[in-house]
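Just start-v4.cif here, mmCIF, C-alpha atoms:
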data_protein
#
loop_
_atom_site.group_PDB
_atom_site.id
_atom_site.type_symbol
_atom_site.label_atom_id
_atom_site.label_comp_id
_atom_site.auth_asym_id
_atom_site.auth_seq_id
_atom_site.Cartn_x
_atom_site.Cartn_y
_atom_site.Cartn_z
ATOM 1 C CA MET A 1 -165.337 18.743 47.324
ATOM 2 C CA ASN A 2 -163.762 19.942 50.578
ATOM 3 C CA ASN A 3 -165.867 22.231 52.735
ATOM 4 C CA SER A 4 -164.616 20.986 56.078
ATOM 5 C CA PHE A 5 -164.306 24.165 58.155
ATOM 6 C CA LEU A 6 -162.823 22.540 61.280
ATOM 7 C CA LYS A 7 -159.427 20.968 61.801
ATOM 8 C CA TRP A 8 -159.870 17.898 63.991
ATOM 9 C CA ALA A 9 -157.314 15.743 65.777
ATOM 10 C CA GLY A 10 -157.480 12.296 64.211
ATOM 11 C CA GLY A 11 -159.389 13.684 61.223
ATOM 12 C CA LYS A 12 -159.787 11.616 58.071
ATOM 13 C CA ARG A 13 -158.331 13.930 55.429
ATOM 14 C CA TRP A 14 -155.574 11.320 54.959
ATOM 15 C CA PHE A 15 -158.221 8.665 54.230
ATOM 16 C CA VAL A 16 -159.895 10.878 51.640
ATOM 17 C CA ASN A 17 -156.538 11.573 49.983
ATOM 18 C CA HIS A 18 -155.098 8.046 49.959
ATOM 19 C CA GLU A 19 -157.890 5.490 50.467
ATOM 20 C CA ASN A 20 -160.937 6.966 48.711
ATOM 21 C CA GLN A 21 -161.084 4.050 46.250
ATOM 22 C CA ARG A 22 -162.558 2.047 49.130
ATOM 23 C CA PHE A 23 -165.766 4.076 49.211
ATOM 24 C CA PRO A 24 -168.783 2.338 47.654
ATOM 25 C CA LYS A 25 -169.928 3.758 44.319
ATOM 26 C CA GLU A 26 -173.589 3.424 45.186
ATOM 27 C CA TYR A 27 -175.455 3.651 48.472
ATOM 28 C CA ASN A 28 -178.697 5.069 49.796
ATOM 29 C CA LYS A 29 -178.030 7.221 52.858
ATOM 30 C CA TYR A 30 -174.625 8.218 54.214
ATOM 31 C CA ILE A 31 -174.256 7.778 57.982
ATOM 32 C CA GLU A 32 -171.381 8.965 60.173
ATOM 33 C CA PRO A 33 -171.611 8.423 63.965
ATOM 34 C CA PHE A 34 -168.284 10.114 64.897
ATOM 35 C CA LEU A 35 -168.466 13.322 62.878
ATOM 36 C CA GLY A 36 -165.423 15.312 64.035
ATOM 37 C CA GLY A 37 -164.199 17.499 61.169
ATOM 38 C CA GLY A 38 -166.416 15.724 58.632
ATOM 39 C CA ALA A 39 -163.719 15.264 55.959
ATOM 40 C CA VAL A 40 -165.309 12.136 54.474
ATOM 41 C CA PHE A 41 -168.818 13.604 54.434
ATOM 42 C CA PHE A 42 -167.687 16.731 52.609
ATOM 43 C CA PHE A 43 -165.621 14.695 50.154
ATOM 44 C CA LEU A 44 -168.536 12.404 49.270
ATOM 45 C CA ASN A 45 -171.155 15.180 49.339
ATOM 46 C CA PRO A 46 -174.018 12.649 49.579
ATOM 47 C CA ASP A 47 -177.611 13.421 48.648
ATOM 48 C CA GLU A 48 -178.854 12.328 52.071
ATOM 49 C CA ALA A 49 -177.017 11.861 55.350
ATOM 50 C CA ILE A 50 -177.236 11.324 59.091
ATOM 51 C CA LEU A 51 -174.347 12.923 60.964
ATOM 52 C CA SER A 52 -173.826 12.622 64.696
ATOM 53 C CA ASP A 53 -171.344 13.067 67.492
ATOM 54 C CA ILE A 54 -171.513 13.018 71.287
ATOM 55 C CA ASN A 55 -169.767 16.422 71.421
ATOM 56 C CA GLU A 56 -172.624 18.872 71.942
ATOM 57 C CA GLU A 57 -170.566 21.971 71.144
ATOM 58 C CA LEU A 58 -169.400 20.437 67.874
ATOM 59 C CA ILE A 59 -172.897 19.409 66.797
ATOM 60 C CA ASN A 60 -174.366 22.794 67.704
ATOM 61 C CA THR A 61 -171.683 24.397 65.504
ATOM 62 C CA TYR A 62 -172.652 22.264 62.497
ATOM 63 C CA ILE A 63 -176.332 23.028 63.039
ATOM 64 C CA ALA A 64 -175.684 26.777 63.302
ATOM 65 C CA VAL A 65 -173.609 26.770 60.087
ATOM 66 C CA ARG A 66 -176.384 24.834 58.354
ATOM 67 C CA ASP A 67 -179.296 26.934 59.614
ATOM 68 C CA ASP A 68 -177.888 30.429 60.300
ATOM 69 C CA VAL A 69 -174.702 30.769 58.272
ATOM 70 C CA GLU A 70 -174.863 34.547 57.743
ATOM 71 C CA SER A 71 -175.042 35.199 61.478
ATOM 72 C CA VAL A 72 -172.123 32.833 62.082
ATOM 73 C CA TYR A 73 -170.090 34.607 59.405
ATOM 74 C CA ARG A 74 -170.817 38.086 60.839
ATOM 75 C CA ASN A 75 -169.437 36.939 64.185
ATOM 76 C CA LEU A 76 -166.394 35.374 62.506
ATOM 77 C CA ARG A 77 -165.609 38.719 60.842
ATOM 78 C CA ILE A 78 -165.616 40.348 64.278
ATOM 79 C CA HIS A 79 -163.210 37.703 65.571
ATOM 80 C CA ALA A 80 -160.900 38.117 62.557
ATOM 81 C CA ARG A 81 -160.851 41.896 62.988
ATOM 82 C CA ASN A 82 -159.952 41.694 66.684
ATOM 83 C CA HIS A 83 -157.676 38.657 66.526
ATOM 84 C CA CYS A 84 -154.573 38.719 68.716
ATOM 85 C CA LYS A 85 -153.229 36.695 71.623
ATOM 86 C CA ASP A 86 -155.086 38.641 74.320
ATOM 87 C CA TYR A 87 -158.325 38.537 72.342
ATOM 88 C CA TYR A 88 -157.963 34.767 71.845
ATOM 89 C CA TYR A 89 -157.847 34.133 75.590
ATOM 90 C CA LYS A 90 -160.715 36.540 76.155
ATOM 91 C CA ILE A 91 -162.907 34.597 73.710
ATOM 92 C CA ARG A 92 -161.670 31.257 75.057
ATOM 93 C CA ASP A 93 -162.978 32.200 78.510
ATOM 94 C CA ARG A 94 -166.292 33.506 77.207
ATOM 95 C CA SER A 95 -169.604 31.591 77.245
ATOM 96 C CA PRO A 96 -171.720 32.689 74.244
ATOM 97 C CA ARG A 97 -175.464 33.073 74.630
ATOM 98 C CA THR A 98 -176.703 32.187 71.132
ATOM 99 C CA SER A 99 -176.067 29.251 68.807
ATOM 100 C CA SER A 100 -174.479 31.430 66.117
ATOM 101 C CA THR A 101 -172.083 33.182 68.516
ATOM 102 C CA ALA A 102 -171.182 29.812 70.069
ATOM 103 C CA ALA A 103 -170.496 28.366 66.611
ATOM 104 C CA ALA A 104 -168.367 31.346 65.605
ATOM 105 C CA ARG A 105 -166.424 31.033 68.864
ATOM 106 C CA MET A 106 -165.678 27.372 68.224
ATOM 107 C CA ILE A 107 -164.604 27.967 64.610
ATOM 108 C CA TYR A 108 -162.442 30.932 65.641
ATOM 109 C CA LEU A 109 -160.731 29.029 68.456
ATOM 110 C CA ASN A 110 -160.208 26.036 66.157
ATOM 111 C CA LYS A 111 -158.501 28.217 63.539
ATOM 112 C CA SER A 112 -156.351 30.203 65.958
ATOM 113 C CA CYS A 113 -155.438 27.682 68.672
ATOM 114 C CA PHE A 114 -152.298 25.568 68.839
ATOM 115 C CA ASN A 115 -152.329 22.767 66.239
ATOM 116 C CA GLY A 116 -156.119 22.855 65.751
ATOM 117 C CA ILE A 117 -156.822 20.630 68.754
ATOM 118 C CA TYR A 118 -160.162 20.358 70.536
ATOM 119 C CA ARG A 119 -159.515 19.722 74.219
ATOM 120 C CA VAL A 120 -161.376 20.551 77.404
ATOM 121 C CA ASN A 121 -160.430 20.246 81.069
ATOM 122 C CA LYS A 122 -162.343 18.303 83.727
ATOM 123 C CA GLN A 123 -164.712 21.245 84.120
ATOM 124 C CA GLY A 124 -165.527 21.057 80.412
ATOM 125 C CA LYS A 125 -163.704 24.319 79.625
ATOM 126 C CA TYR A 126 -161.750 24.643 76.374
ATOM 127 C CA ASN A 127 -158.088 24.878 77.384
ATOM 128 C CA VAL A 128 -155.906 24.780 74.238
ATOM 129 C CA PRO A 129 -153.255 27.551 74.159
ATOM 130 C CA TYR A 130 -152.884 30.240 71.513
ATOM 131 C CA GLY A 131 -151.389 29.210 68.174
ATOM 132 C CA THR A 132 -149.076 30.892 65.698
ATOM 133 C CA LYS A 133 -151.402 32.734 63.292
ATOM 134 C CA ASP A 134 -151.198 36.531 63.490
ATOM 135 C CA GLU A 135 -153.966 37.047 60.937
ATOM 136 C CA LEU A 136 -157.155 35.138 60.145
ATOM 137 C CA ASN A 137 -159.414 35.181 57.128
ATOM 138 C CA PHE A 138 -162.796 33.465 56.942
ATOM 139 C CA ASP A 139 -164.108 32.938 53.416
ATOM 140 C CA HIS A 140 -167.786 33.800 53.064
ATOM 141 C CA ASP A 141 -168.478 31.825 49.891
ATOM 142 C CA SER A 142 -166.836 28.708 51.273
ATOM 143 C CA LEU A 143 -168.884 28.857 54.469
ATOM 144 C CA VAL A 144 -172.101 29.388 52.491
ATOM 145 C CA ASN A 145 -171.284 26.377 50.301
ATOM 146 C CA THR A 146 -170.647 24.353 53.451
ATOM 147 C CA SER A 147 -174.056 25.390 54.745
ATOM 148 C CA LYS A 148 -175.710 24.230 51.512
ATOM 149 C CA VAL A 149 -174.043 20.813 51.760
ATOM 150 C CA LEU A 150 -175.085 20.450 55.407
ATOM 151 C CA LYS A 151 -178.726 21.176 54.528
ATOM 152 C CA LYS A 152 -178.874 17.662 53.071
ATOM 153 C CA ALA A 153 -177.986 16.145 56.441
ATOM 154 C CA GLN A 154 -179.827 15.288 59.606
ATOM 155 C CA ILE A 155 -177.430 16.372 62.380
ATOM 156 C CA LEU A 156 -177.793 14.762 65.791
ATOM 157 C CA CYS A 157 -176.062 14.883 69.154
ATOM 158 C CA GLN A 158 -176.317 11.316 70.374
ATOM 159 C CA ASP A 159 -174.429 8.135 71.184
ATOM 160 C CA PHE A 160 -172.824 6.335 68.231
ATOM 161 C CA GLU A 161 -174.828 3.164 68.838
ATOM 162 C CA ASN A 162 -178.125 5.000 68.336
ATOM 163 C CA THR A 163 -176.868 6.403 65.037
ATOM 164 C CA ILE A 164 -175.579 3.054 63.745
ATOM 165 C CA ASP A 165 -178.893 1.434 64.618
ATOM 166 C CA MET A 166 -180.639 3.938 62.298
ATOM 167 C CA ALA A 167 -178.863 2.497 59.247
ATOM 168 C CA GLN A 168 -180.909 0.337 56.890
ATOM 169 C CA GLU A 169 -180.086 -1.995 54.015
ATOM 170 C CA GLY A 170 -178.135 -0.215 51.283
ATOM 171 C CA ASP A 171 -177.022 2.671 53.520
ATOM 172 C CA PHE A 172 -173.322 3.395 54.016
ATOM 173 C CA ILE A 173 -171.708 3.899 57.425
ATOM 174 C CA PHE A 174 -168.287 5.489 57.701
ATOM 175 C CA CYS A 175 -167.116 4.972 61.238
ATOM 176 C CA ASP A 176 -164.054 6.605 62.814
ATOM 177 C CA PRO A 177 -164.061 6.170 66.609
ATOM 178 C CA PRO A 178 -161.783 8.324 68.788
ATOM 179 C CA TYR A 179 -158.099 7.738 68.281
ATOM 180 C CA ALA A 180 -156.557 5.107 70.554
ATOM 181 C CA VAL A 181 -153.066 4.357 71.822
ATOM 182 C CA MET A 182 -151.235 1.617 73.686
ATOM 183 C CA ASN A 183 -149.755 1.828 77.166
ATOM 184 C CA GLU A 184 -146.386 0.560 78.388
ATOM 185 C CA ASP A 185 -147.618 -3.035 78.488
ATOM 186 C CA ASN A 186 -148.845 -2.822 74.871
ATOM 187 C CA ARG A 187 -152.431 -3.009 76.035
ATOM 188 C CA PHE A 188 -155.223 -1.057 74.420
ATOM 189 C CA VAL A 189 -156.248 2.155 76.153
ATOM 190 C CA GLY A 190 -158.509 4.926 74.940
ATOM 191 C CA TYR A 191 -157.222 8.252 73.631
ATOM 192 C CA ASN A 192 -159.624 9.655 76.201
ATOM 193 C CA ALA A 193 -160.966 6.884 78.402
ATOM 194 C CA ASP A 194 -163.752 9.147 79.674
ATOM 195 C CA VAL A 195 -165.007 9.601 76.109
ATOM 196 C CA PHE A 196 -164.343 6.212 74.526
ATOM 197 C CA SER A 197 -163.485 3.184 76.639
ATOM 198 C CA TRP A 198 -162.782 -0.453 75.822
ATOM 199 C CA ARG A 199 -166.392 -1.184 76.673
ATOM 200 C CA ASP A 200 -167.344 1.313 73.962
ATOM 201 C CA GLN A 201 -165.103 -0.542 71.496
ATOM 202 C CA ILE A 202 -167.085 -3.698 72.224
ATOM 203 C CA ARG A 203 -170.397 -1.845 71.871
ATOM 204 C CA LEU A 204 -169.198 -0.452 68.555
ATOM 205 C CA ALA A 205 -168.222 -3.875 67.225
ATOM 206 C CA ASN A 206 -171.592 -5.330 68.200
ATOM 207 C CA ALA A 207 -173.501 -2.400 66.664
ATOM 208 C CA LEU A 208 -171.551 -2.735 63.408
ATOM 209 C CA GLU A 209 -172.194 -6.477 63.355
ATOM 210 C CA ARG A 210 -175.937 -5.822 63.625
ATOM 211 C CA ALA A 211 -175.683 -3.270 60.806
ATOM 212 C CA LYS A 212 -173.700 -5.728 58.679
ATOM 213 C CA ASP A 213 -176.440 -8.320 59.158
ATOM 214 C CA ARG A 214 -178.963 -5.721 57.920
ATOM 215 C CA ARG A 215 -176.791 -5.478 54.762
ATOM 216 C CA VAL A 216 -175.536 -1.990 55.558
ATOM 217 C CA LYS A 217 -172.276 -1.039 53.806
ATOM 218 C CA ILE A 218 -169.545 -0.338 56.348
ATOM 219 C CA ILE A 219 -166.069 1.141 56.479
ATOM 220 C CA MET A 220 -164.457 1.656 59.871
ATOM 221 C CA THR A 221 -160.992 2.957 60.711
ATOM 222 C CA ASN A 222 -159.476 2.092 64.078
ATOM 223 C CA VAL A 223 -156.182 1.605 65.878
ATOM 224 C CA GLU A 224 -154.234 -1.398 64.584
ATOM 225 C CA HIS A 225 -153.955 -3.444 67.767
ATOM 226 C CA LYS A 226 -154.405 -7.136 68.386
ATOM 227 C CA ASP A 227 -157.263 -6.616 70.836
ATOM 228 C CA VAL A 228 -159.239 -4.444 68.416
ATOM 229 C CA ARG A 229 -158.415 -6.722 65.493
ATOM 230 C CA LYS A 230 -159.601 -9.757 67.421
ATOM 231 C CA LEU A 231 -163.046 -8.209 67.899
ATOM 232 C CA TYR A 232 -163.669 -8.242 64.148
ATOM 233 C CA GLU A 233 -161.711 -11.386 63.267
ATOM 234 C CA ASN A 234 -164.151 -13.302 65.433
ATOM 235 C CA MET A 235 -167.146 -11.992 63.464
ATOM 236 C CA LYS A 236 -168.115 -13.357 60.056
ATOM 237 C CA GLY A 237 -168.443 -11.031 57.089
ATOM 238 C CA PHE A 238 -165.846 -8.377 57.950
ATOM 239 C CA SER A 239 -162.732 -7.717 55.837
ATOM 240 C CA LEU A 240 -159.640 -6.377 57.621
ATOM 241 C CA ASP A 241 -156.791 -4.362 56.084
ATOM 242 C CA ILE A 242 -153.816 -2.640 57.671
ATOM 243 C CA VAL A 243 -152.427 0.627 56.277
ATOM 244 C CA GLN A 244 -149.625 2.885 57.417
ATOM 245 C CA ARG A 245 -150.085 6.602 57.941
ATOM 246 C CA ARG A 246 -148.487 9.453 59.810
ATOM 247 C CA CYS A 247 -149.842 10.989 62.994
ATOM 248 C CA PHE A 248 -149.945 14.786 63.067
ATOM 249 C CA ILE A 249 -151.666 15.209 66.432
ATOM 250 C CA SER A 250 -148.437 15.688 68.384
ATOM 251 C CA GLY A 251 -146.979 19.172 68.791
ATOM 252 C CA THR A 252 -143.443 17.873 68.286
ATOM 253 C CA VAL A 253 -141.768 16.518 65.159
ATOM 254 C CA GLU A 254 -140.666 13.449 67.111
ATOM 255 C CA GLY A 255 -144.254 12.706 68.084
ATOM 256 C CA ARG A 256 -145.481 12.875 64.494
ATOM 257 C CA LYS A 257 -144.441 9.364 63.636
ATOM 258 C CA ALA A 258 -145.850 6.753 61.303
ATOM 259 C CA TYR A 259 -148.170 4.129 62.714
ATOM 260 C CA GLN A 260 -150.499 1.443 61.440
ATOM 261 C CA GLU A 261 -154.241 1.817 61.195
ATOM 262 C CA LEU A 262 -156.849 -0.899 60.885
ATOM 263 C CA ILE A 263 -159.548 -0.642 58.202
ATOM 264 C CA VAL A 264 -162.593 -2.865 58.684
ATOM 265 C CA SER A 265 -165.241 -3.164 55.978
ATOM 266 C CA ALA A 266 -168.371 -5.132 55.171
ATOM 267 C CA ASN A 267 -170.846 -5.410 52.271
ATOM 268 C CA ILE A 268 -168.661 -3.129 50.118
#

Written as structure tokens, how would this file's structure read?
Amino acid sequence: MNNSFLKWAGGKRWFVNHENQRFPKEYNKYIEPFLGGGAVFFFLNPDEAILSDINEELINTYIAVRDDVESVYRNLRIHARNHCKDYYYKIRDRSPRTSSTAAARMIYLNKSCFNGIYRVNKQGKYNVPYGTKDELNFDHDSLVNTSKVLKKAQILCQDFENTIDMAQEGDFIFCDPPYAVMNEDNRFVGYNADVFSWRDQIRLANALERAKDRRVKIIMTNVEHKDVRKLYENMKGFSLDIVQRRCFISGTVEGRKAYQELIVSANI
């Protein structure tokens, strides 16, 4: 199923569409420490899950859709009715007071902004410009179904390492850390160094190694770079594959080029 209601830069819809044969057939609890748009979670629709992200606004949106979906939808209808360029910037500058209005604001901005990108400035203010949609429609039944799926999940705002450490034998972790790029010297740098640094890459590798040793099933996608690859090549029990995919984060056709992605798995 596909009830992902947010478009997310670096999202894993491509993985669901082209690499879903990699998912284990059987597992206990599904665990995802970098939730983003949740494409894999909604595709698998597991009976039990732990979902987390460090983005508080994102997590609060998931919780509001899970726990108060009708209120979120009422606010989305208001946004759809008033939608235009001026209204977009008015809502972008607004600070909602309740969880449901904050969730509706995030969903509305995500649907109407340029290229569906989540980005904030140094003051933590959402700063993506207006997109190209003149009309918006939010489907009630789809949002209600999303809420029902999310009711099977524990949703947490916390560091990825804490979430990975919750996994027990027979659980399945799908791990998709923030997208990463290379600088002019072909060295690894974070997509957003303030959010996910090289030190975090090392912490992630160590946390996944501990989970592997607990016989947790693991699939991780990451940038295909020698420094990242070396982290997992030096650990026993991980399998590494390289796949090619296209990047659709860029706003230009030239920037939407193909690149290689690393897939690391264990106990699958």

Find the residues near Phe23 of chain A: any atom within 10 Å, counting only C-alpha atoms, skip ones fewer than 5 places away on the same chain, and give them as a list in words. Val16, Val40, Leu44, Phe172, Phe174, Lys217, Ile218, Ile219, Ser265 and Ile268 of chain A

Rank nothing, just name the residue among A:Tyr62, A:Gly37, A:Asn17, A:Glu56 nearest to Val149 of chain A, using all atoms listed in the file.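 For Val149 of chain A, the nearest of the given residues is A:Tyr62.
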
So, counting all atoms listed in the file, which residue among A:Asp165, A:Asp213, A:Glu261, A:Asp134 is closest to Ile50 of chain A?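 Ranking A:Asp165, A:Asp213, A:Glu261, A:Asp134 by distance to Ile50 of chain A, first place goes to A:Asp165.
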
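The smallest atom-to-atom distance between Leu35 of chain A and any of A:Cys175, A:Ala205, A:Leu262, A:Ala102, using only C-alpha atoms, is found for A:Cys175.
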
All residues 9 Å or closer to segment 81-86 of chain A, only C-alpha atoms, same chain fewer than 2 positions away omitted, as a PyMOL selection string: chain A and resi 76-79+88-91+112+130-131+133-136

Could you write out as a list in words the residues that the PyMOL selection byres ((chain A and resi 222-228) around 6) matches in the shown file? Ala180, Thr221, Arg229, Lys230, Leu231, Gln260, Glu261 and Leu262 of chain A

Can you list, as an mmCIF file with C-alpha atoms, keeping the file's coordinate frame, the residues that the PyMOL selection byres ((chain A and resi 234-239) around 8) selects here?
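What landed in part09.cif:
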data_model
loop_
_atom_site.group_PDB
_atom_site.id
_atom_site.type_symbol
_atom_site.label_atom_id
_atom_site.label_comp_id
_atom_site.auth_asym_id
_atom_site.auth_seq_id
_atom_site.Cartn_x
_atom_site.Cartn_y
_atom_site.Cartn_z
ATOM 1 C CA GLU A 209 -172.194 -6.477 63.355
ATOM 2 C CA LYS A 212 -173.700 -5.728 58.679
ATOM 3 C CA LYS A 230 -159.601 -9.757 67.421
ATOM 4 C CA LEU A 231 -163.046 -8.209 67.899
ATOM 5 C CA TYR A 232 -163.669 -8.242 64.148
ATOM 6 C CA GLU A 233 -161.711 -11.386 63.267
ATOM 7 C CA LEU A 240 -159.640 -6.377 57.621
ATOM 8 C CA ASP A 241 -156.791 -4.362 56.084
ATOM 9 C CA VAL A 264 -162.593 -2.865 58.684
ATOM 10 C CA SER A 265 -165.241 -3.164 55.978
ATOM 11 C CA ALA A 266 -168.371 -5.132 55.171
ATOM 12 C CA ASN A 267 -170.846 -5.410 52.271
#

Quick one: apply the PyMOL selection byres ((chain A and resi 104-111) around 8) to the file and drop the selected residues here as a VMD selection string. chain A and resid 5 to 7 57 to 58 61 72 to 73 75 to 76 79 to 80 88 91 to 92 96 100 to 103 112 to 113 116 to 118 136

Atomic distance atom CA of Ala211 of chain A - atom CA of Pro33 of chain A, expressed in Å with one decimal: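 Atom CA of Ala211 of chain A sits 12.8 Å away from atom CA of Pro33 of chain A.
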
From the set A:Asn206, A:Ser197, A:Asp171, A:Arg119, which residue has the shortest atom-to-atom contact distance to Lys25 of chain A, counting only C-alpha atoms?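 Answer, going by the shortest atom-to-atom distance: A:Asp171.
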
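The nearest approach to Asn162 of chain A among the residues A:Asn121, A:Ser95, A:Asp53, A:Asn137, with only C-alpha atoms taken into account, belongs to A:Asp53.
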
With 6 Å of padding per side, what axis-aligned box (centre and edge lengths, Å, one decimal) covers all the listed atoms of segment 22-37 of chain A? Give it as AutoDock Vina command-line options.
--center_x -170.6 --center_y 9.8 --center_z 54.6 --size_x 28.1 --size_y 27.5 --size_z 32.6

How far is it from atom CA of Tyr126 of chain A to atom CA of Gly11 of chain A, in Å with one decimal? 18.8 Å

Near-Lys12 of chain A list (6 Å; all atoms listed in the file; drop same-chain fewer than 2 positions) as a PDB file with C-alpha atoms, keeping the file's coordinate frame:
ATOM      1  CA  TRP A  14    -155.574  11.320  54.959  1.00  0.00           C
ATOM      2  CA  PHE A  15    -158.221   8.665  54.230  1.00  0.00           C
ATOM      3  CA  ALA A  39    -163.719  15.264  55.959  1.00  0.00           C
TER       4      ALA A  39
END

Output segment 204-217 of chain A as a PDB file, in the coordinates of the input, making sure N, CA, C and O atoms are there.
ATOM      1  N   LEU A 204    -169.316  -0.832  69.961  1.00  0.00           N
ATOM      2  CA  LEU A 204    -169.198  -0.452  68.555  1.00  0.00           C
ATOM      3  C   LEU A 204    -169.152  -1.678  67.662  1.00  0.00           C
ATOM      4  O   LEU A 204    -169.858  -1.744  66.644  1.00  0.00           O
ATOM      5  N   ALA A 205    -168.330  -2.650  68.029  1.00  0.00           N
ATOM      6  CA  ALA A 205    -168.222  -3.875  67.225  1.00  0.00           C
ATOM      7  C   ALA A 205    -169.565  -4.579  67.119  1.00  0.00           C
ATOM      8  O   ALA A 205    -169.963  -5.045  66.037  1.00  0.00           O
ATOM      9  N   ASN A 206    -170.279  -4.655  68.210  1.00  0.00           N
ATOM     10  CA  ASN A 206    -171.592  -5.330  68.200  1.00  0.00           C
ATOM     11  C   ASN A 206    -172.607  -4.559  67.362  1.00  0.00           C
ATOM     12  O   ASN A 206    -173.415  -5.158  66.637  1.00  0.00           O
ATOM     13  N   ALA A 207    -172.576  -3.216  67.455  1.00  0.00           N
ATOM     14  CA  ALA A 207    -173.501  -2.400  66.664  1.00  0.00           C
ATOM     15  C   ALA A 207    -173.195  -2.536  65.171  1.00  0.00           C
ATOM     16  O   ALA A 207    -174.116  -2.625  64.344  1.00  0.00           O
ATOM     17  N   LEU A 208    -171.916  -2.573  64.818  1.00  0.00           N
ATOM     18  CA  LEU A 208    -171.551  -2.735  63.408  1.00  0.00           C
ATOM     19  C   LEU A 208    -171.903  -4.128  62.902  1.00  0.00           C
ATOM     20  O   LEU A 208    -172.281  -4.296  61.737  1.00  0.00           O
ATOM     21  N   GLU A 209    -171.800  -5.126  63.762  1.00  0.00           N
ATOM     22  CA  GLU A 209    -172.194  -6.477  63.355  1.00  0.00           C
ATOM     23  C   GLU A 209    -173.694  -6.524  63.057  1.00  0.00           C
ATOM     24  O   GLU A 209    -174.125  -7.130  62.059  1.00  0.00           O
ATOM     25  N   ARG A 210    -174.492  -5.874  63.885  1.00  0.00           N
ATOM     26  CA  ARG A 210    -175.937  -5.822  63.625  1.00  0.00           C
ATOM     27  C   ARG A 210    -176.212  -5.110  62.306  1.00  0.00           C
ATOM     28  O   ARG A 210    -177.062  -5.536  61.517  1.00  0.00           O
ATOM     29  N   ALA A 211    -175.501  -4.006  62.064  1.00  0.00           N
ATOM     30  CA  ALA A 211    -175.683  -3.270  60.806  1.00  0.00           C
ATOM     31  C   ALA A 211    -175.253  -4.117  59.613  1.00  0.00           C
ATOM     32  O   ALA A 211    -175.926  -4.119  58.566  1.00  0.00           O
ATOM     33  N   LYS A 212    -174.164  -4.828  59.751  1.00  0.00           N
ATOM     34  CA  LYS A 212    -173.700  -5.728  58.679  1.00  0.00           C
ATOM     35  C   LYS A 212    -174.772  -6.752  58.342  1.00  0.00           C
ATOM     36  O   LYS A 212    -175.042  -7.021  57.162  1.00  0.00           O
ATOM     37  N   ASP A 213    -175.398  -7.320  59.374  1.00  0.00           N
ATOM     38  CA  ASP A 213    -176.440  -8.320  59.158  1.00  0.00           C
ATOM     39  C   ASP A 213    -177.683  -7.729  58.505  1.00  0.00           C
ATOM     40  O   ASP A 213    -178.476  -8.466  57.893  1.00  0.00           O
ATOM     41  N   ARG A 214    -177.860  -6.410  58.612  1.00  0.00           N
ATOM     42  CA  ARG A 214    -178.963  -5.721  57.920  1.00  0.00           C
ATOM     43  C   ARG A 214    -178.548  -5.331  56.503  1.00  0.00           C
ATOM     44  O   ARG A 214    -179.268  -4.625  55.822  1.00  0.00           O
ATOM     45  N   ARG A 215    -177.351  -5.746  56.080  1.00  0.00           N
ATOM     46  CA  ARG A 215    -176.791  -5.478  54.762  1.00  0.00           C
ATOM     47  C   ARG A 215    -176.493  -3.983  54.557  1.00  0.00           C
ATOM     48  O   ARG A 215    -176.642  -3.429  53.463  1.00  0.00           O
ATOM     49  N   VAL A 216    -176.041  -3.351  55.633  1.00  0.00           N
ATOM     50  CA  VAL A 216    -175.536  -1.990  55.558  1.00  0.00           C
ATOM     51  C   VAL A 216    -174.074  -2.043  55.098  1.00  0.00           C
ATOM     52  O   VAL A 216    -173.322  -2.933  55.504  1.00  0.00           O
ATOM     53  N   LYS A 217    -173.669  -1.126  54.237  1.00  0.00           N
ATOM     54  CA  LYS A 217    -172.276  -1.039  53.806  1.00  0.00           C
ATOM     55  C   LYS A 217    -171.477  -0.307  54.875  1.00  0.00           C
ATOM     56  O   LYS A 217    -171.911   0.732  55.378  1.00  0.00           O
TER      57      LYS A 217
END
